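Shown next: target_7.pdb, containing PDB, C-alpha atoms, pLDDT in the B column.
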MODEL        1
ATOM      1  CA  MET F   1      -9.246 119.806  26.845  1.00 50.00           C
ATOM      2  CA  ALA F   2     -11.068 116.800  25.325  1.00 56.00           C
ATOM      3  CA  GLY F   3     -11.356 118.649  22.011  1.00 61.00           C
ATOM      4  CA  GLY F   4      -7.582 119.060  21.960  1.00 69.00           C
ATOM      5  CA  MET F   5      -7.028 115.314  22.296  1.00 74.00           C
ATOM      6  CA  GLY F   6      -9.482 114.627  19.466  1.00 78.00           C
ATOM      7  CA  ASN F   7      -7.650 117.085  17.224  1.00 88.00           C
ATOM      8  CA  MET F   8      -4.342 115.473  18.130  1.00 88.00           C
ATOM      9  CA  GLN F   9      -5.660 111.994  17.295  1.00 89.00           C
ATOM     10  CA  GLN F  10      -7.096 113.245  14.024  1.00 90.00           C
ATOM     11  CA  MET F  11      -3.778 114.875  13.155  1.00 89.00           C
ATOM     12  CA  MET F  12      -1.919 111.639  13.996  1.00 91.00           C
ATOM     13  CA  ARG F  13      -4.259 109.655  11.704  1.00 92.00           C
ATOM     14  CA  LYS F  14      -3.629 112.140   8.899  1.00 90.00           C
ATOM     15  CA  MET F  15       0.128 111.864   9.435  1.00 89.00           C
ATOM     16  CA  GLN F  16      -0.033 108.054   9.370  1.00 93.00           C
ATOM     17  CA  LYS F  17      -2.092 108.142   6.177  1.00 92.00           C
ATOM     18  CA  MET F  18       0.389 110.572   4.594  1.00 90.00           C
ATOM     19  CA  GLN F  19       3.284 108.324   5.607  1.00 90.00           C
ATOM     20  CA  GLN F  20       1.575 105.310   4.020  1.00 93.00           C
ATOM     21  CA  GLU F  21       0.948 107.295   0.835  1.00 92.00           C
ATOM     22  CA  MET F  22       4.584 108.425   0.735  1.00 91.00           C
ATOM     23  CA  GLU F  23       5.812 104.847   1.146  1.00 93.00           C
ATOM     24  CA  SER F  24       3.481 103.703  -1.631  1.00 93.00           C
ATOM     25  CA  GLU F  25       4.673 106.486  -3.953  1.00 93.00           C
ATOM     26  CA  GLN F  26       8.314 105.655  -3.206  1.00 92.00           C
ATOM     27  CA  LYS F  27       7.743 101.962  -3.986  1.00 93.00           C
ATOM     28  CA  ASN F  28       6.031 102.988  -7.215  1.00 93.00           C
ATOM     29  CA  ILE F  29       9.035 105.095  -8.234  1.00 94.00           C
ATOM     30  CA  GLU F  30      11.400 102.232  -7.397  1.00 94.00           C
ATOM     31  CA  THR F  31       9.596  99.942  -9.863  1.00 94.00           C
ATOM     32  CA  LYS F  32       9.866 102.407 -12.753  1.00 96.00           C
ATOM     33  CA  GLU F  33      12.611 102.376 -15.347  1.00 96.00           C
ATOM     34  CA  PHE F  34      14.359 105.492 -16.638  1.00 97.00           C
ATOM     35  CA  GLN F  35      16.344 105.860 -19.852  1.00 97.00           C
ATOM     36  CA  GLY F  36      19.600 107.769 -19.664  1.00 97.00           C
ATOM     37  CA  THR F  37      21.452 108.898 -22.739  1.00 95.00           C
ATOM     38  CA  GLU F  38      24.493 110.940 -23.536  1.00 95.00           C
ATOM     39  CA  PRO F  39      24.330 113.719 -26.122  1.00 95.00           C
ATOM     40  CA  SER F  40      25.528 111.718 -29.147  1.00 95.00           C
ATOM     41  CA  GLY F  41      23.038 108.909 -28.477  1.00 95.00           C
ATOM     42  CA  MET F  42      25.706 106.227 -28.854  1.00 95.00           C
ATOM     43  CA  VAL F  43      25.314 105.020 -25.264  1.00 96.00           C
ATOM     44  CA  ASN F  44      21.974 104.434 -23.549  1.00 96.00           C
ATOM     45  CA  VAL F  45      21.369 103.049 -20.085  1.00 97.00           C
ATOM     46  CA  THR F  46      18.305 101.852 -18.247  1.00 97.00           C
ATOM     47  CA  VAL F  47      18.211 102.588 -14.534  1.00 96.00           C
ATOM     48  CA  THR F  48      15.514 101.690 -12.063  1.00 95.00           C
ATOM     49  CA  GLY F  49      13.895 104.037  -9.611  1.00 95.00           C
ATOM     50  CA  ASP F  50      15.915 102.488  -6.822  1.00 94.00           C
ATOM     51  CA  ARG F  51      19.030 103.762  -8.627  1.00 93.00           C
ATOM     52  CA  ARG F  52      20.279 100.480 -10.090  1.00 94.00           C
ATOM     53  CA  VAL F  53      21.697 100.155 -13.595  1.00 95.00           C
ATOM     54  CA  LYS F  54      19.630  97.532 -15.376  1.00 96.00           C
ATOM     55  CA  ALA F  55      20.978  97.690 -18.927  1.00 96.00           C
ATOM     56  CA  ILE F  56      23.645  99.391 -20.990  1.00 96.00           C
ATOM     57  CA  ASN F  57      23.362  99.631 -24.763  1.00 96.00           C
ATOM     58  CA  ILE F  58      26.393 100.748 -26.752  1.00 95.00           C
ATOM     59  CA  LYS F  59      26.283 101.364 -30.488  1.00 95.00           C
ATOM     60  CA  PRO F  60      29.225  99.754 -32.309  1.00 93.00           C
ATOM     61  CA  ASP F  61      30.467 103.142 -33.510  1.00 91.00           C
ATOM     62  CA  ALA F  62      31.178 104.091 -29.887  1.00 90.00           C
ATOM     63  CA  VAL F  63      33.708 101.278 -29.509  1.00 91.00           C
ATOM     64  CA  ASP F  64      37.148 102.437 -30.528  1.00 91.00           C
ATOM     65  CA  PRO F  65      39.967 100.335 -29.027  1.00 89.00           C
ATOM     66  CA  GLU F  66      42.247 103.334 -29.472  1.00 92.00           C
ATOM     67  CA  ASP F  67      39.972 105.608 -27.417  1.00 92.00           C
ATOM     68  CA  VAL F  68      38.603 103.711 -24.433  1.00 92.00           C
ATOM     69  CA  ASP F  69      38.521 106.961 -22.446  1.00 93.00           C
ATOM     70  CA  MET F  70      35.818 108.340 -24.747  1.00 93.00           C
ATOM     71  CA  LEU F  71      33.611 105.282 -24.199  1.00 93.00           C
ATOM     72  CA  GLN F  72      34.075 105.566 -20.444  1.00 94.00           C
ATOM     73  CA  ASP F  73      33.061 109.235 -20.583  1.00 94.00           C
ATOM     74  CA  LEU F  74      29.965 108.394 -22.632  1.00 95.00           C
ATOM     75  CA  LEU F  75      28.975 105.719 -20.136  1.00 95.00           C
ATOM     76  CA  ILE F  76      29.366 108.118 -17.221  1.00 96.00           C
ATOM     77  CA  GLU F  77      27.235 110.744 -18.980  1.00 96.00           C
ATOM     78  CA  ALA F  78      24.478 108.266 -19.819  1.00 96.00           C
ATOM     79  CA  VAL F  79      24.352 106.791 -16.296  1.00 96.00           C
ATOM     80  CA  ASN F  80      24.318 110.235 -14.703  1.00 96.00           C
ATOM     81  CA  ASN F  81      21.540 111.331 -17.051  1.00 96.00           C
ATOM     82  CA  GLY F  82      19.436 108.333 -16.041  1.00 96.00           C
ATOM     83  CA  LEU F  83      20.036 108.959 -12.343  1.00 96.00           C
ATOM     84  CA  GLU F  84      19.097 112.630 -12.781  1.00 97.00           C
ATOM     85  CA  LYS F  85      15.771 111.471 -14.213  1.00 96.00           C
ATOM     86  CA  VAL F  86      15.198 109.300 -11.137  1.00 95.00           C
ATOM     87  CA  ASP F  87      15.972 112.281  -8.897  1.00 95.00           C
ATOM     88  CA  THR F  88      13.629 114.560 -10.865  1.00 95.00           C
ATOM     89  CA  GLU F  89      10.763 112.048 -10.717  1.00 94.00           C
ATOM     90  CA  THR F  90      11.323 111.514  -7.000  1.00 92.00           C
ATOM     91  CA  ALA F  91      11.341 115.260  -6.323  1.00 91.00           C
ATOM     92  CA  ASN F  92       8.199 115.792  -8.407  1.00 91.00           C
ATOM     93  CA  VAL F  93       6.240 112.970  -6.774  1.00 89.00           C
ATOM     94  CA  MET F  94       7.466 113.286  -3.204  1.00 87.00           C
ATOM     95  CA  GLY F  95       7.575 117.086  -3.214  1.00 85.00           C
ATOM     96  CA  LYS F  96       3.837 117.294  -2.649  1.00 82.00           C
ATOM     97  CA  TYR F  97       4.372 115.735   0.777  1.00 79.00           C
ATOM     98  CA  THR F  98       7.223 117.970   1.864  1.00 74.00           C
ATOM     99  CA  LYS F  99       5.916 121.220   0.366  1.00 75.00           C
ATOM    100  CA  GLY F 100       5.488 123.791   3.082  1.00 66.00           C
ATOM    101  CA  ILE F 101       7.300 121.811   5.769  1.00 67.00           C
ATOM    102  CA  PRO F 102      10.023 124.025   7.258  1.00 65.00           C
ATOM    103  CA  GLY F 103      13.543 122.705   6.767  1.00 63.00           C
ATOM    104  CA  LEU F 104      12.668 120.357   3.872  1.00 57.00           C
TER
ENDMDL
END
I'd like the structure from this file rewritten - as structure tokens, please.
Amino acid sequence: MAGGMGNMQQMMRKMQKMQQEMESEQKNIETKEFQGTEPSGMVNVTVTGDRRVKAINIKPDAVDPEDVDMLQDLLIEAVNNGLEKVDTETANVMGKYTKGIPGL
């Protein structure tokens, strides 16, 4: 019975260490910046790992007062591309912690 308690305590320490590592990795991701672009390259955005838009750069050729809808579409594509990169990085880094856990 005593051996079972020792194993349980050891497992709890491992879980606490893993939780601390996960929190550290998540904070690291949140400090990174990701560049999102749309296919033509006329609109670029910088998003942070905590999913905040930090900067938007628009080339002058993308600004057509007669076609504001196009610029809006380019912005949406660039922002979504940046956010996809955040999601991919998060999945790659955090996946090592959830790999093999049923239901995750």
Please provide as a list in words all residues within 9 Å of Ile29 in chain F, with the sequence filter that same-chain residues fewer than 5 positions apart are discarded (counting only C-alpha atoms).
->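 Selected residues are Ser24, Thr48, Gly49, Asp50, Val86, Glu89, Thr90 and Val93 of chain F.
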Long-range neighbours of range 55-61 of chain F as an MDAnalysis selection string, 6 Å cut-off, only C-alpha atoms, 6 positions minimum in chain = chainID F and resid 42:46
Nearby residues (only C-alpha atoms) at most 10 Å from range 14-22 of chain F, same-chain spacing under 5 positions excluded, as a PyMOL selection string = chain F and resi 8-9+27-28+93-98
Expected file: the selected residues, C-alpha atoms, as a short mmCIF file (atom, residue, chain, number, x, y, z; two decimals), in the frame of the given file:
data_model
loop_
_atom_site.label_atom_id
_atom_site.label_comp_id
_atom_site.auth_asym_id
_atom_site.auth_seq_id
_atom_site.Cartn_x
_atom_site.Cartn_y
_atom_site.Cartn_z
CA MET F 8 -4.34 115.47 18.13
CA GLN F 9 -5.66 111.99 17.30
CA LYS F 27 7.74 101.96 -3.99
CA ASN F 28 6.03 102.99 -7.22
CA VAL F 93 6.24 112.97 -6.77
CA MET F 94 7.47 113.29 -3.20
CA GLY F 95 7.58 117.09 -3.21
CA LYS F 96 3.84 117.29 -2.65
CA TYR F 97 4.37 115.74 0.78
CA THR F 98 7.22 117.97 1.86
#
Identify all residues satisfying the PyMOL selection byres ((chain F and resi 34-36) around 6) in the given file; provide them as a VMD selection string.
-> chain F and resid 33 37 44 to 47 78 to 79 81 to 82
Just C-alpha atoms for this one: save the residues we selected as a JSON list (two decimals), in the coordinates of the input.
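Result went into result-v7.json, see below:
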[["chain", "number", "residue", "atom", "x", "y", "z"],
["F", 33, "GLU", "CA", 12.61, 102.38, -15.35],
["F", 37, "THR", "CA", 21.45, 108.90, -22.74],
["F", 44, "ASN", "CA", 21.97, 104.43, -23.55],
["F", 45, "VAL", "CA", 21.37, 103.05, -20.08],
["F", 46, "THR", "CA", 18.30, 101.85, -18.25],
["F", 47, "VAL", "CA", 18.21, 102.59, -14.53],
["F", 78, "ALA", "CA", 24.48, 108.27, -19.82],
["F", 79, "VAL", "CA", 24.35, 106.79, -16.30],
["F", 81, "ASN", "CA", 21.54, 111.33, -17.05],
["F", 82, "GLY", "CA", 19.44, 108.33, -16.04]]
Report, as JSON, the centre and edge lengths in Å (one decimal) of the axis-aligned box enclosing every listed atom of range 60-76 of chain F, padded by 6 Å on each side.
{"center_x": 35.6, "center_y": 104.5, "center_z": -25.4, "size_x": 25.3, "size_y": 21.5, "size_z": 28.3}
Identify all residues satisfying the PyMOL selection byres ((chain F and resi 73) around 12) in the given file; provide them as a PyMOL selection string.
-> chain F and resi 37-40+42-43+62-63+67-72+74-80
I need the chosen residues saved as a PDB file, keeping the file's coordinate frame, with C-alpha atoms.
ATOM      1  CA  THR F  37      21.452 108.898 -22.739  1.00 95.00           C
ATOM      2  CA  GLU F  38      24.493 110.940 -23.536  1.00 95.00           C
ATOM      3  CA  PRO F  39      24.330 113.719 -26.122  1.00 95.00           C
ATOM      4  CA  SER F  40      25.528 111.718 -29.147  1.00 95.00           C
ATOM      5  CA  MET F  42      25.706 106.227 -28.854  1.00 95.00           C
ATOM      6  CA  VAL F  43      25.314 105.020 -25.264  1.00 96.00           C
ATOM      7  CA  ALA F  62      31.178 104.091 -29.887  1.00 90.00           C
ATOM      8  CA  VAL F  63      33.708 101.278 -29.509  1.00 91.00           C
ATOM      9  CA  ASP F  67      39.972 105.608 -27.417  1.00 92.00           C
ATOM     10  CA  VAL F  68      38.603 103.711 -24.433  1.00 92.00           C
ATOM     11  CA  ASP F  69      38.521 106.961 -22.446  1.00 93.00           C
ATOM     12  CA  MET F  70      35.818 108.340 -24.747  1.00 93.00           C
ATOM     13  CA  LEU F  71      33.611 105.282 -24.199  1.00 93.00           C
ATOM     14  CA  GLN F  72      34.075 105.566 -20.444  1.00 94.00           C
ATOM     15  CA  LEU F  74      29.965 108.394 -22.632  1.00 95.00           C
ATOM     16  CA  LEU F  75      28.975 105.719 -20.136  1.00 95.00           C
ATOM     17  CA  ILE F  76      29.366 108.118 -17.221  1.00 96.00           C
ATOM     18  CA  GLU F  77      27.235 110.744 -18.980  1.00 96.00           C
ATOM     19  CA  ALA F  78      24.478 108.266 -19.819  1.00 96.00           C
ATOM     20  CA  VAL F  79      24.352 106.791 -16.296  1.00 96.00           C
ATOM     21  CA  ASN F  80      24.318 110.235 -14.703  1.00 96.00           C
TER      22      ASN F  80
END
The distance between CA of Lys99 in chain F and CA of Asp87 in chain F is 16.3 Å
Report the distance between CA of Asn92 in chain F and CA of Arg52 in chain F in Å, rounded to one decimal place.
->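 Here the two named atoms are 19.6 Å from each other.
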In Å to one decimal, how far is CA of Glu25 in chain F from CA of Met12 in chain F?
-> 19.8 Å
